[in-house]
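**Q** Below is data02.csv; it holds CSV, C-alpha atoms.
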chain,number,residue,atom,x,y,z
M,10,MET,CA,-18.2,-16.9,-76.3
M,11,LYS,CA,-17.5,-17.5,-72.6
M,12,GLU,CA,-16.1,-21.0,-72.2
M,13,SER,CA,-14.6,-21.0,-68.7
M,14,LYS,CA,-17.6,-20.6,-66.6
M,15,ARG,CA,-16.4,-21.1,-63.1
M,16,THR,CA,-13.0,-20.0,-61.9
M,17,LEU,CA,-11.1,-21.1,-58.8
M,18,LEU,CA,-8.1,-19.0,-57.5
M,19,LEU,CA,-5.7,-21.1,-55.4
M,20,ILE,CA,-3.4,-18.9,-53.3
M,21,GLY,CA,-0.1,-20.7,-52.7
M,22,SER,CA,1.6,-18.3,-50.3
M,23,PRO,CA,2.0,-18.7,-46.6
M,24,ARG,CA,1.1,-15.0,-46.2
M,25,GLY,CA,-2.4,-15.8,-47.6
M,26,PRO,CA,-4.6,-12.6,-48.0
M,27,LYS,CA,-1.6,-10.4,-47.2
M,28,SER,CA,0.5,-11.8,-50.0
M,29,THR,CA,1.5,-10.5,-53.4
M,30,SER,CA,0.1,-13.8,-54.8
M,31,GLU,CA,-3.3,-12.5,-53.4
M,32,SER,CA,-2.7,-9.0,-54.9
M,33,LEU,CA,-2.2,-10.5,-58.4
M,34,GLY,CA,-4.9,-13.3,-58.2
M,35,ALA,CA,-7.5,-11.1,-56.6
M,36,TYR,CA,-7.2,-8.4,-59.3
M,37,LEU,CA,-7.5,-11.1,-62.0
M,38,LEU,CA,-10.5,-12.6,-60.3
M,39,LYS,CA,-12.2,-9.2,-60.1
M,40,LYS,CA,-11.7,-8.7,-63.8
M,41,LEU,CA,-13.1,-12.2,-64.5
M,42,GLN,CA,-16.2,-11.3,-62.4
M,43,GLY,CA,-16.6,-8.3,-64.6
M,44,TYR,CA,-16.9,-10.7,-67.6
M,45,GLY,CA,-19.7,-12.5,-65.7
M,46,LEU,CA,-17.6,-15.5,-64.5
M,47,GLU,CA,-18.4,-17.1,-61.2
M,48,THR,CA,-15.3,-17.1,-59.0
M,49,GLU,CA,-14.1,-18.8,-55.8
M,50,LYS,CA,-10.9,-18.5,-53.8
M,51,VAL,CA,-9.1,-21.1,-51.7
M,52,TYR,CA,-5.9,-20.6,-49.6
M,53,ILE,CA,-3.7,-23.7,-49.9
M,54,TYR,CA,-1.7,-23.5,-46.7
M,55,PRO,CA,-4.7,-23.6,-44.2
M,56,SER,CA,-6.6,-26.0,-46.5
M,57,LEU,CA,-3.8,-28.7,-46.2
M,58,ARG,CA,-3.8,-28.6,-42.4
M,59,SER,CA,-6.9,-30.8,-42.0
M,60,ASP,CA,-8.8,-33.6,-43.8
M,61,GLU,CA,-11.8,-31.2,-44.0
M,62,GLY,CA,-9.7,-28.5,-45.6
M,63,ARG,CA,-8.4,-31.0,-48.2
M,64,VAL,CA,-11.9,-32.1,-49.0
M,65,ILE,CA,-13.1,-28.5,-49.4
M,66,LEU,CA,-10.1,-27.8,-51.7
M,67,LEU,CA,-10.7,-30.8,-53.9
M,68,ARG,CA,-14.5,-30.0,-54.1
M,69,ALA,CA,-13.6,-26.5,-55.2
M,70,VAL,CA,-11.2,-27.8,-57.8
M,71,GLU,CA,-13.7,-30.3,-59.1
M,72,SER,CA,-16.4,-27.7,-59.6
M,73,SER,CA,-14.2,-25.3,-61.5
M,74,ASP,CA,-13.6,-24.9,-65.2
M,75,LEU,CA,-10.6,-22.7,-64.9
M,76,LEU,CA,-8.0,-23.0,-62.1
M,77,ILE,CA,-5.7,-20.1,-61.4
M,78,LEU,CA,-2.7,-20.9,-59.2
M,79,SER,CA,-0.9,-17.8,-57.8
M,80,PHE,CA,2.2,-18.4,-55.8
M,81,PRO,CA,5.6,-16.9,-54.8
M,82,LEU,CA,8.8,-18.5,-55.9
M,83,TYR,CA,10.5,-20.4,-53.0
M,84,VAL,CA,14.0,-21.7,-53.6
M,85,ASP,CA,13.6,-21.8,-57.4
M,86,SER,CA,10.3,-23.7,-57.4
M,87,LEU,CA,6.8,-23.6,-56.0
M,88,PRO,CA,6.5,-23.5,-52.2
M,89,SER,CA,6.2,-27.0,-50.7
M,90,PRO,CA,2.5,-26.8,-49.8
M,91,ALA,CA,1.7,-25.6,-53.4
M,92,ILE,CA,3.4,-28.8,-54.7
M,93,ALA,CA,1.5,-30.8,-52.1
M,94,ALA,CA,-1.7,-29.4,-53.4
M,95,LEU,CA,-0.8,-30.3,-57.0
M,96,GLU,CA,0.1,-33.8,-55.8
M,97,LEU,CA,-3.3,-34.1,-54.1
M,98,ILE,CA,-5.2,-32.8,-57.1
M,99,ALA,CA,-3.3,-35.2,-59.4
M,100,GLU,CA,-4.1,-38.2,-57.1
M,101,HIS,CA,-7.7,-37.2,-56.9
M,102,ARG,CA,-8.1,-36.9,-60.7
M,103,LYS,CA,-6.5,-40.4,-61.1
M,104,THR,CA,-9.3,-41.8,-58.9
M,105,SER,CA,-12.1,-39.9,-60.7
M,106,LYS,CA,-14.1,-42.0,-63.2
M,107,LYS,CA,-14.3,-39.2,-65.7
M,108,PRO,CA,-12.2,-36.2,-64.7
M,109,LYS,CA,-13.7,-32.9,-65.8
M,110,SER,CA,-12.2,-30.9,-68.7
M,111,GLN,CA,-10.4,-28.1,-67.0
M,112,LYS,CA,-7.8,-25.4,-67.7
M,113,LEU,CA,-4.9,-24.1,-65.7
M,114,LEU,CA,-3.3,-20.7,-65.5
M,115,ALA,CA,-0.4,-20.0,-63.2
M,116,ILE,CA,1.0,-16.7,-61.8
M,117,ALA,CA,4.4,-16.8,-60.3
M,118,ASN,CA,6.1,-13.9,-58.5
M,119,ASN,CA,9.5,-13.7,-56.9
M,120,GLY,CA,11.7,-11.5,-54.8
M,121,PHE,CA,14.4,-11.1,-57.4
M,122,PRO,CA,14.0,-8.4,-60.0
M,123,GLU,CA,14.2,-10.8,-63.0
M,124,ALA,CA,10.8,-12.4,-64.0
M,125,ASP,CA,12.5,-15.2,-65.8
M,126,GLN,CA,13.8,-16.7,-62.5
M,127,ASN,CA,10.2,-18.0,-62.3
M,128,ASP,CA,10.5,-20.1,-65.5
M,129,THR,CA,11.3,-23.4,-63.8
M,130,ALA,CA,8.3,-23.1,-61.5
M,131,LEU,CA,6.0,-22.4,-64.4
M,132,ALA,CA,7.5,-25.3,-66.3
M,133,ILE,CA,6.5,-27.5,-63.3
M,134,CYS,CA,2.9,-26.1,-63.4
M,135,SER,CA,2.7,-26.8,-67.1
M,136,ARG,CA,4.0,-30.4,-66.6
M,137,PHE,CA,1.4,-30.9,-63.8
M,138,ALA,CA,-1.3,-29.9,-66.3
M,139,SER,CA,-0.1,-32.3,-69.0
M,140,GLU,CA,0.3,-35.2,-66.6
M,141,THR,CA,-3.2,-34.7,-65.2
M,142,GLY,CA,-5.0,-34.0,-68.5
M,143,ILE,CA,-5.7,-30.4,-67.7
M,144,GLU,CA,-5.3,-27.8,-70.5
M,145,TRP,CA,-2.4,-25.5,-69.8
M,146,VAL,CA,-3.4,-22.0,-70.9
M,147,GLY,CA,-0.1,-20.4,-69.9
M,148,GLY,CA,1.8,-18.7,-67.1
M,149,LEU,CA,2.6,-15.2,-66.0
M,150,ALA,CA,5.9,-14.3,-64.3
M,151,LEU,CA,6.5,-11.3,-62.2
M,152,GLY,CA,9.9,-10.3,-60.9
M,153,GLY,CA,10.3,-8.0,-57.9
M,154,GLY,CA,7.0,-9.0,-56.4
M,155,GLU,CA,8.2,-8.1,-52.9
M,156,ALA,CA,7.8,-4.4,-54.0
M,157,ILE,CA,4.0,-4.9,-54.1
M,158,ARG,CA,4.0,-6.3,-50.6
M,159,GLY,CA,0.6,-7.7,-50.7
M,160,ARG,CA,-1.2,-4.4,-51.4
M,161,PRO,CA,-4.2,-4.4,-53.7
M,162,LEU,CA,-2.9,-3.5,-57.2
M,163,ASP,CA,-5.1,-0.5,-57.4
M,164,GLU,CA,-3.2,0.9,-54.3
M,165,ALA,CA,0.3,0.0,-55.5
M,166,GLY,CA,0.7,3.1,-57.6
M,167,GLY,CA,2.3,3.5,-61.0
M,168,MET,CA,4.7,0.6,-60.7
M,169,ALA,CA,1.8,-1.8,-61.0
M,170,ARG,CA,0.6,-0.3,-64.3
M,171,ASN,CA,2.0,-3.0,-66.6
M,172,VAL,CA,1.0,-5.7,-64.1
M,173,LYS,CA,-2.6,-4.5,-64.3
M,174,LYS,CA,-2.5,-4.3,-68.1
M,175,ALA,CA,-1.2,-7.8,-68.2
M,176,LEU,CA,-3.9,-9.1,-66.0
M,177,ASP,CA,-6.6,-7.2,-68.0
M,178,LEU,CA,-5.4,-8.9,-71.1
M,179,ALA,CA,-5.3,-12.3,-69.4
M,180,ALA,CA,-8.8,-11.8,-68.1
M,181,ALA,CA,-10.2,-10.9,-71.5
M,182,ALA,CA,-8.5,-14.0,-73.0
M,183,MET,CA,-9.7,-16.3,-70.3
M,184,ALA,CA,-13.3,-15.0,-70.6
M,185,GLU,CA,-13.1,-15.8,-74.3
M,186,GLY,CA,-11.7,-19.3,-73.7
M,187,LYS,CA,-8.4,-18.4,-75.3
M,188,SER,CA,-4.7,-19.1,-74.3
M,189,MET,CA,-2.6,-16.5,-72.5
M,190,PRO,CA,-1.7,-13.7,-74.9
M,191,GLN,CA,2.0,-13.2,-75.5
M,192,GLU,CA,1.5,-9.5,-74.8
M,193,ALA,CA,0.2,-10.3,-71.3
M,194,LYS,CA,3.3,-12.4,-70.6
M,195,ALA,CA,5.6,-9.6,-71.8
M,196,LEU,CA,3.9,-6.9,-69.8
M,197,MET,CA,3.9,-8.9,-66.6
M,198,ALA,CA,7.7,-9.7,-67.1
M,199,LYS,CA,8.6,-6.0,-67.3
M,200,PRO,CA,10.6,-4.9,-64.3
M,201,LEU,CA,8.6,-2.9,-61.7
M,202,ALA,CA,11.6,-0.6,-61.3
M,203,PRO,CA,15.1,-0.3,-62.7
M,204,ILE,CA,17.1,-3.3,-61.3
M,205,TRP,CA,19.7,-1.1,-59.6
M,206,MET,CA,16.9,0.8,-57.8
M,207,TYR,CA,15.2,-2.5,-56.7
M,208,VAL,CA,18.5,-3.8,-55.3
M,209,TRP,CA,19.4,-0.5,-53.6
M,210,PHE,CA,16.0,-0.2,-51.9
M,211,GLY,CA,15.9,-3.9,-51.1
M,212,ASN,CA,19.2,-3.8,-49.4
M,213,ARG,CA,18.2,-0.7,-47.4
M,214,ARG,CA,14.9,-2.3,-46.4
M,215,TRP,CA,16.6,-5.4,-44.9
M,216,LYS,CA,18.8,-3.2,-42.8
M,217,SER,CA,15.9,-1.1,-41.5
M,218,GLN,CA,13.9,-4.2,-40.7
M,219,ALA,CA,16.9,-5.7,-38.8
M,220,LYS,CA,17.2,-2.4,-36.9
M,221,LYS,CA,13.5,-2.6,-36.0
M,222,HIS,CA,14.2,-6.0,-34.4
M,223,GLY,CA,17.4,-4.9,-32.7
M,224,ALA,CA,19.4,-7.3,-35.0
M,225,GLN,CA,21.3,-4.7,-37.1
M,226,ASN,CA,24.7,-5.8,-35.6
M,227,LYS,CA,24.0,-9.5,-36.2
M,228,LEU,CA,23.0,-9.4,-39.8
M,229,PHE,CA,26.1,-11.2,-41.0
M,230,HIS,CA,26.1,-13.7,-38.1
M,231,ARG,CA,27.4,-17.2,-39.0
M,232,PRO,CA,25.8,-19.5,-36.3
M,233,TYR,CA,26.7,-22.7,-38.1
M,234,GLN,CA,30.3,-21.9,-39.1
M,235,LYS,CA,32.5,-25.0,-38.9
X,24,MET,CA,34.4,-36.0,-45.7
X,25,LYS,CA,30.8,-35.8,-44.7
X,26,ALA,CA,27.7,-36.3,-46.8
X,27,LEU,CA,24.1,-35.5,-45.9
X,28,VAL,CA,21.5,-37.5,-47.8
X,29,LEU,CA,17.9,-36.1,-47.8
X,30,TYR,CA,15.4,-38.8,-48.5
X,31,GLY,CA,12.4,-37.1,-50.0
X,32,SER,CA,9.6,-39.6,-50.5
X,33,LYS,CA,6.4,-39.9,-48.4
X,34,LYS,CA,6.1,-42.4,-45.5
X,35,GLY,CA,5.3,-45.8,-46.9
X,36,ASP,CA,6.6,-45.0,-50.4
X,37,THR,CA,9.6,-47.2,-51.1
X,38,THR,CA,10.5,-45.6,-54.5
X,39,LEU,CA,13.7,-44.3,-53.1
X,40,ASP,CA,14.9,-47.2,-51.0
X,41,ALA,CA,17.2,-48.8,-53.5
X,42,VAL,CA,18.6,-45.4,-54.6
X,43,SER,CA,19.2,-44.4,-51.0
X,44,ASN,CA,21.0,-47.7,-50.2
X,45,PHE,CA,23.2,-47.5,-53.3
X,46,THR,CA,24.0,-43.9,-52.8
X,47,SER,CA,25.1,-44.5,-49.2
X,48,TYR,CA,27.0,-47.6,-50.2
X,49,VAL,CA,28.9,-45.8,-53.0
X,50,LEU,CA,29.7,-42.8,-50.8
X,51,ARG,CA,30.9,-44.9,-47.9
X,52,SER,CA,33.1,-46.9,-50.3
X,53,ILE,CA,34.9,-43.7,-51.3
X,54,GLY,CA,35.4,-42.6,-47.7
X,55,TYR,CA,32.4,-40.5,-46.9
X,56,GLU,CA,30.7,-40.5,-43.5
X,57,VAL,CA,27.0,-40.6,-44.6
X,58,ASP,CA,24.0,-39.3,-42.7
X,59,VAL,CA,20.7,-40.3,-44.3
X,60,ILE,CA,17.8,-38.1,-43.2
X,61,PHE,CA,14.3,-39.6,-43.7
X,62,LEU,CA,12.4,-36.4,-44.0
X,63,HIS,CA,9.0,-38.0,-43.5
X,64,ASP,CA,10.0,-39.1,-40.0
X,65,LEU,CA,10.8,-35.6,-38.9
X,66,LYS,CA,8.9,-32.6,-37.7
X,67,ILE,CA,9.4,-29.9,-40.3
X,68,ALA,CA,7.0,-27.0,-40.5
X,69,ASP,CA,6.4,-25.1,-43.7
X,70,CYS,CA,8.4,-21.9,-44.2
X,71,THR,CA,6.1,-19.0,-43.3
X,72,GLY,CA,7.9,-16.4,-45.4
X,73,CYS,CA,8.5,-14.1,-42.4
X,74,PHE,CA,12.1,-13.5,-43.2
X,75,TYR,CA,12.9,-13.3,-39.5
X,76,CYS,CA,15.9,-15.7,-40.3
X,77,TRP,CA,17.4,-12.6,-42.0
X,78,VAL,CA,16.2,-9.7,-39.9
X,79,LYS,CA,15.4,-10.9,-36.4
X,80,SER,CA,17.6,-13.9,-35.6
X,81,PRO,CA,20.0,-13.7,-38.6
X,82,GLY,CA,21.1,-17.1,-39.8
X,83,VAL,CA,18.6,-19.1,-37.6
X,84,CYS,CA,15.0,-19.9,-38.5
X,85,VAL,CA,12.6,-18.8,-35.8
X,86,ILE,CA,10.8,-22.2,-36.0
X,87,ASP,CA,12.5,-24.5,-33.6
X,88,ASP,CA,12.2,-27.9,-35.3
X,89,ASP,CA,14.1,-30.4,-37.5
X,90,GLY,CA,14.0,-28.0,-40.4
X,91,ARG,CA,16.3,-25.7,-38.5
X,92,ASP,CA,18.7,-28.5,-37.6
X,93,ILE,CA,19.0,-29.6,-41.2
X,94,ALA,CA,20.1,-26.1,-42.2
X,95,MET,CA,22.9,-26.4,-39.6
X,96,LYS,CA,23.8,-29.9,-40.9
X,97,LEU,CA,23.9,-28.7,-44.4
X,98,ILE,CA,26.6,-26.1,-43.7
X,99,LYS,CA,28.6,-28.6,-41.7
X,100,ASN,CA,28.7,-31.2,-44.5
X,101,ASP,CA,30.9,-31.4,-47.6
X,102,LEU,CA,28.2,-32.9,-49.8
X,103,VAL,CA,24.4,-32.8,-49.8
X,104,VAL,CA,22.4,-35.3,-51.8
X,105,TYR,CA,18.7,-34.8,-52.7
X,106,LEU,CA,16.8,-38.0,-53.3
X,107,THR,CA,13.3,-37.4,-54.7
X,108,PRO,CA,10.7,-39.0,-56.8
X,109,ILE,CA,10.3,-36.6,-59.8
X,110,ILE,CA,7.0,-34.8,-59.4
X,111,PHE,CA,5.9,-32.9,-62.4
X,112,GLY,CA,9.5,-32.5,-63.4
X,113,GLY,CA,10.5,-31.1,-59.9
X,114,TYR,CA,11.0,-32.1,-56.3
X,115,SER,CA,8.5,-33.9,-54.1
X,116,SER,CA,6.7,-31.7,-51.6
X,117,GLU,CA,8.4,-33.8,-48.9
X,118,LEU,CA,11.9,-32.8,-50.1
X,119,LYS,CA,10.8,-29.2,-50.9
X,120,LYS,CA,9.5,-28.7,-47.4
X,121,VAL,CA,13.0,-28.8,-46.0
X,122,LEU,CA,14.6,-26.9,-48.9
X,123,ASP,CA,12.2,-24.0,-48.3
X,124,ARG,CA,13.7,-23.8,-44.8
X,125,GLN,CA,17.3,-23.3,-46.0
X,126,ILE,CA,17.2,-19.6,-46.7
X,127,PRO,CA,18.9,-18.7,-43.4
X,128,ILE,CA,22.2,-20.0,-44.9
X,129,VAL,CA,22.4,-17.0,-47.2
X,130,LEU,CA,22.2,-13.3,-46.5
X,131,PRO,CA,19.2,-11.1,-47.4
X,132,PHE,CA,21.3,-8.7,-49.4
X,133,PHE,CA,21.5,-8.9,-53.2
X,134,MET,CA,24.4,-9.2,-55.5
X,135,LYS,CA,24.7,-10.0,-59.2
X,136,ILE,CA,26.0,-13.4,-60.4
X,137,ASN,CA,26.4,-13.8,-64.2
X,138,GLY,CA,24.2,-10.7,-64.7
X,139,GLU,CA,21.4,-12.0,-62.5
X,140,VAL,CA,20.4,-10.9,-59.0
X,141,HIS,CA,20.8,-13.4,-56.1
X,142,HIS,CA,21.3,-13.3,-52.4
X,143,LYS,CA,24.8,-12.9,-51.0
X,144,PRO,CA,26.5,-15.8,-49.3
X,145,ARG,CA,26.5,-15.9,-45.5
X,146,TYR,CA,29.2,-18.5,-45.2
X,147,GLU,CA,32.6,-18.9,-46.7
X,148,ARG,CA,32.0,-22.4,-47.9
X,149,TYR,CA,29.0,-24.5,-48.9
X,150,PRO,CA,28.5,-28.2,-49.7
X,151,CYS,CA,28.5,-29.6,-53.2
X,152,LEU,CA,25.1,-30.6,-54.4
X,153,VAL,CA,24.0,-33.8,-56.1
X,154,ALA,CA,20.3,-34.6,-56.9
X,155,VAL,CA,19.0,-38.0,-57.9
X,156,GLY,CA,15.5,-38.1,-59.2
X,157,VAL,CA,13.5,-41.2,-59.7
X,158,LEU,CA,10.9,-41.8,-62.5
X,159,SER,CA,8.9,-44.9,-63.2
X,160,ARG,CA,9.9,-44.8,-66.9
X,161,PRO,CA,11.9,-42.5,-69.3
X,162,ASP,CA,10.2,-39.2,-69.7
X,163,GLU,CA,12.2,-36.6,-71.7
X,164,GLU,CA,10.3,-33.6,-70.6
X,165,SER,CA,10.4,-34.3,-66.9
X,166,GLU,CA,14.1,-35.1,-67.1
X,167,LYS,CA,14.8,-31.9,-68.8
X,168,ILE,CA,12.8,-29.8,-66.2
X,169,PHE,CA,14.5,-31.7,-63.3
X,170,ALA,CA,18.0,-30.5,-64.1
X,171,THR,CA,17.0,-26.8,-63.9
X,172,PRO,CA,15.9,-26.4,-60.2
X,173,VAL,CA,19.1,-28.3,-59.2
X,174,SER,CA,21.4,-26.0,-61.2
X,175,ARG,CA,19.5,-22.9,-59.9
X,176,ASN,CA,19.7,-24.2,-56.3
X,177,ALA,CA,23.4,-24.6,-56.8
X,178,ILE,CA,23.8,-21.0,-57.8
X,179,ASN,CA,21.7,-19.7,-54.9
X,180,MET,CA,23.4,-22.0,-52.4
X,181,TYR,CA,27.0,-21.2,-53.7
X,182,CYS,CA,27.7,-24.9,-54.2
X,183,PRO,CA,31.2,-25.4,-55.5
X,184,ALA,CA,30.0,-28.3,-57.7
X,185,HIS,CA,26.7,-29.8,-58.6
X,186,SER,CA,25.1,-32.5,-60.7
X,187,ALA,CA,21.6,-33.9,-61.3
X,188,GLY,CA,20.6,-37.2,-62.7
X,189,VAL,CA,17.6,-39.4,-63.3
X,190,VAL,CA,17.2,-43.1,-62.5
X,191,TYR,CA,14.2,-45.4,-63.3
X,192,SER,CA,12.5,-47.6,-60.7
X,193,THR,CA,12.9,-50.4,-63.2
X,194,ASP,CA,16.7,-50.1,-63.4
X,195,SER,CA,18.6,-53.3,-62.3
X,196,SER,CA,20.9,-53.1,-59.3
X,197,GLY,CA,24.0,-53.0,-61.6
X,198,ILE,CA,22.6,-50.2,-63.8
X,199,LEU,CA,21.4,-48.2,-60.7
X,200,GLN,CA,24.8,-48.4,-59.1
X,201,ASP,CA,26.6,-47.3,-62.3
X,202,LYS,CA,24.2,-44.4,-62.8
X,203,ILE,CA,24.6,-43.2,-59.2
X,204,ARG,CA,28.4,-43.4,-59.5
X,205,ALA,CA,28.2,-41.4,-62.8
X,206,ILE,CA,25.9,-38.7,-61.2
X,207,LEU,CA,28.2,-38.3,-58.2
X,208,ALA,CA,31.3,-38.2,-60.5
X,209,LYS,CA,29.7,-35.3,-62.5
X,210,ALA,CA,30.0,-33.3,-59.4
X,211,GLY,CA,33.5,-34.4,-58.8
X,212,VAL,CA,32.6,-36.9,-56.1
X,213,GLY,CA,34.6,-40.1,-56.2
X,214,ARG,CA,36.7,-39.1,-59.1
Kindly transcribe the structure held in the file into C-alpha cells.

**A**
Amino acid sequence: MKESKRTLLLIGSPRGPKSTSESLGAYLLKKLQGYGLETEKVYIYPSLRSDEGRVILLRAVESSDLLILSFPLYVDSLPSPAIAALELIAEHRKTSKKPKSQKLLAIANNGFPEADQNDTALAICSRFASETGIEWVGGLALGGGEAIRGRPLDEAGGMARNVKKALDLAAAAMAEGKSMPQEAKALMAKPLAPIWMYVWFGNRRWKSQAKKHGAQNKLFHRPYQK
Amino acid sequence: MKALVLYGSKKGDTTLDAVSNFTSYVLRSIGYEVDVIFLHDLKIADCTGCFYCWVKSPGVCVIDDDGRDIAMKLIKNDLVVYLTPIIFGGYSSELKKVLDRQIPIVLPFFMKINGEVHHKPRYERYPCLVAVGVLSRPDEESEKIFATPVSRNAINMYCPAHSAGVVYSTDSSGILQDKIRAILAKAGVGR
C-alpha cells in the first residue's frame, strides 16, 4: 500500500543541481516516481535568500507527505543553510493549528571516505524530526561523496553500484510506507573505493587543481601565522 | 592569553546574554583578553563549497567578509568559545554559518588520525575549544548529541584541548557561573 503520496526533495548543498546531494536525491526521486509517487524538488540555498523563496519552501514542505533532505557534511554537521531551513520548518509547524502527519528521510554525504563521519549530522536530523512531530524513517550515510562529483548516478560507473542498490531499497520501502531497511543503510555506507586509493587520488587531485589555478607553490601557505 | 567568544544566537534573541556575560567575566578574571563576536551583527556569507581556499588562494577564503576575518582571529587566539542555543542537538545556523567558513585553516590533504581520515593541519598550533550550549530545560538526548560535533570539531581543528557543556536558561546566576567555570576547567582553562 502506498502511504507516502507526495514527496519533497530538499537539496542542502550550495552546489545545487551540480552537487552529489543532487545525484543521490534525484536518483531516489526518479525511483519514487516509478512507484507512482508525486515528487517535487527545492534547493535550500536560493530559497532562503528571499521572503518569497522561504514561502515557496514552506508551502512545498506543507504539501508533502515524505520529506527527503539530501546534504553534504560541512564541519561535522549540516551546512548552515540546511540548519536554517530546519529552524524555519520547525517554527512554521509550531504556528500551524494542526501540523500535517509527515515523514523525514535524510541522506548525508561527506568528503572523507568513512560514512560514519555523517552520524552526528543524521542524529541532528532525527532530533529535528522528534522535536517537530515528524516521523523519522531513517538516514543514509555515504562516505567519499566527492568521488561522485555531482554526476547522475547512472553516469558514475561501477563505484555507484552499491549506492544505487541502497537507494532502490530505500525507494521500495518508502513507497510501501516502511522505515529505512538496514540493508539500504549498510549498502550506502560501503566505501566507494579502498580508503588508500581514495586518499591517494584525493591528494593528487588537490595538487592538480592548485596547479590549474597557479597556486601549486602556495598550497602550504600560512597567511595567519602568529 | 587571548580568547575569542562566538555569540551564536539570532538578533533579538537574548538566550545567550547571561552566558556570554559570565563567560567573559570568568575568562577576564583568570587573565584572558576577551573578544566577543556577535555573529548576527556581521556580514558572513554562506560557504559556497568552492574549495578555492585550498586550491586558488590557499589559506584564505575567496569571500572577502567578516567570515574571512574570523578565520584569522581564530588562529591568533589561544581559546575559542562557541556560545549557541542548542538546536536539534547541534549548533544554531547563526554559529554554524561562521564555522562552515573555517576550512581554510586546515590543508586539503588527507591523513589518518586514530584510524580515521581527516585533513592535515595548516598551522603548527590551534586554539583550545570550549562550547557552551543553552537549553530551556534538561533534555538528555539533545545534550548527548551536542557533545559530539564539539569533539569532532576539535579533532578536525587540531585543538590541544576541548570541552562541551550545557546550561539551562532557568539556571540562577550562581549555578550558571559554577557551570561555566566547570566547562572551561574541563578544557584546562582556569585550572

**Q** Restricting the calculation to only C-alpha atoms: of M:Ser79, M:Ser32, M:Gln225, M:Asn171, which residue gets closest to chain X?

**A**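 Ranking M:Ser79, M:Ser32, M:Gln225, M:Asn171 by distance to chain X, first place goes to M:Gln225.
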
**Q** Just need the residues of chain M within 8 Å of chain X, counting all atoms listed in the file, so spit them out as a VMD selection string.

**A** chain M and resid 23 to 24 83 to 86 88 to 90 92 to 93 96 121 to 123 129 132 to 134 136 to 137 140 208 211 to 212 215 to 216 218 to 220 222 to 225 227 to 235

**Q** Filtering to C-alpha atoms, could you give me those residues as a compact mmCIF listing (two decimals), in the frame of the given file?

**A**
# COMPACT_ATOMS: atom_id res chain seq x y z
CA PRO M 23 2.00 -18.70 -46.60
CA ARG M 24 1.10 -15.00 -46.20
CA TYR M 83 10.50 -20.40 -53.00
CA VAL M 84 14.00 -21.70 -53.60
CA ASP M 85 13.60 -21.80 -57.40
CA SER M 86 10.30 -23.70 -57.40
CA PRO M 88 6.50 -23.50 -52.20
CA SER M 89 6.20 -27.00 -50.70
CA PRO M 90 2.50 -26.80 -49.80
CA ILE M 92 3.40 -28.80 -54.70
CA ALA M 93 1.50 -30.80 -52.10
CA GLU M 96 0.10 -33.80 -55.80
CA PHE M 121 14.40 -11.10 -57.40
CA PRO M 122 14.00 -8.40 -60.00
CA GLU M 123 14.20 -10.80 -63.00
CA THR M 129 11.30 -23.40 -63.80
CA ALA M 132 7.50 -25.30 -66.30
CA ILE M 133 6.50 -27.50 -63.30
CA CYS M 134 2.90 -26.10 -63.40
CA ARG M 136 4.00 -30.40 -66.60
CA PHE M 137 1.40 -30.90 -63.80
CA GLU M 140 0.30 -35.20 -66.60
CA VAL M 208 18.50 -3.80 -55.30
CA GLY M 211 15.90 -3.90 -51.10
CA ASN M 212 19.20 -3.80 -49.40
CA TRP M 215 16.60 -5.40 -44.90
CA LYS M 216 18.80 -3.20 -42.80
CA GLN M 218 13.90 -4.20 -40.70
CA ALA M 219 16.90 -5.70 -38.80
CA LYS M 220 17.20 -2.40 -36.90
CA HIS M 222 14.20 -6.00 -34.40
CA GLY M 223 17.40 -4.90 -32.70
CA ALA M 224 19.40 -7.30 -35.00
CA GLN M 225 21.30 -4.70 -37.10
CA LYS M 227 24.00 -9.50 -36.20
CA LEU M 228 23.00 -9.40 -39.80
CA PHE M 229 26.10 -11.20 -41.00
CA HIS M 230 26.10 -13.70 -38.10
CA ARG M 231 27.40 -17.20 -39.00
CA PRO M 232 25.80 -19.50 -36.30
CA TYR M 233 26.70 -22.70 -38.10
CA GLN M 234 30.30 -21.90 -39.10
CA LYS M 235 32.50 -25.00 -38.90

**Q** May I ask for the distance between atom CA of M:Pro55 and atom CA of M:Gln126, given in Å to one decimal place?

**A** 26.9 Å

**Q** So which one's closest to X:Asp194, X:Ala41, X:Lys167, X:Ala26, X:Gly213? Using only C-alpha atoms, please.

**A**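 Nearest to X:Asp194: X:Ala41.
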
**Q** Tell me, as a ChimeraX atom specification, which residues lie within 9 Å of X:Ser47, counting only C-alpha atoms; anything in the same chain fewer than 5 positions away does not count.

**A** /X:26,28,42,52,55-59

**Q** Using C-alpha atoms, can you export the residues from the last selection as a PDB file, keeping the file's coordinate frame?

**A**
ATOM      1  CA  ALA X  26      27.700 -36.300 -46.800  1.00  0.00           C
ATOM      2  CA  VAL X  28      21.500 -37.500 -47.800  1.00  0.00           C
ATOM      3  CA  VAL X  42      18.600 -45.400 -54.600  1.00  0.00           C
ATOM      4  CA  SER X  52      33.100 -46.900 -50.300  1.00  0.00           C
ATOM      5  CA  TYR X  55      32.400 -40.500 -46.900  1.00  0.00           C
ATOM      6  CA  GLU X  56      30.700 -40.500 -43.500  1.00  0.00           C
ATOM      7  CA  VAL X  57      27.000 -40.600 -44.600  1.00  0.00           C
ATOM      8  CA  ASP X  58      24.000 -39.300 -42.700  1.00  0.00           C
ATOM      9  CA  VAL X  59      20.700 -40.300 -44.300  1.00  0.00           C
TER      10      VAL X  59
END

**Q** Closest to X:Ala177 among X:Val190, X:Val85, X:Ala68, X:Cys151, using all atoms listed in the file?

**A**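 Distance minimum relative to X:Ala177 lands on X:Cys151.
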
**Q** Hey, can you check how far atom CA of X:Gly31 sits from atom CA of X:Ala187?

**A** 14.9 Å

**Q** Considering only C-alpha atoms, state which residue in the set M:Leu66, M:Leu33, M:Val146, M:Leu82 is at the smallest distance from M:Ala165.

**A** M:Leu33

**Q** Take the point (12.6, -36.9, -53.7) in the file's coordinates, draw a sphere of radius 8 Å around it, and report as a PyMOL selection string every protein, DNA or RNA residue with an atom inside or on it, counting only C-alpha atoms.

**A** chain X and resi 29-32+39+105-109+114-115+117-118+155-157

**Q** Could you pull out every residue with an atom within 10 Å of (11.1, -40.6, -41.2), file coordinates, counting only C-alpha atoms, and send them as a PyMOL selection string?

**A** chain X and resi 30-35+60-66
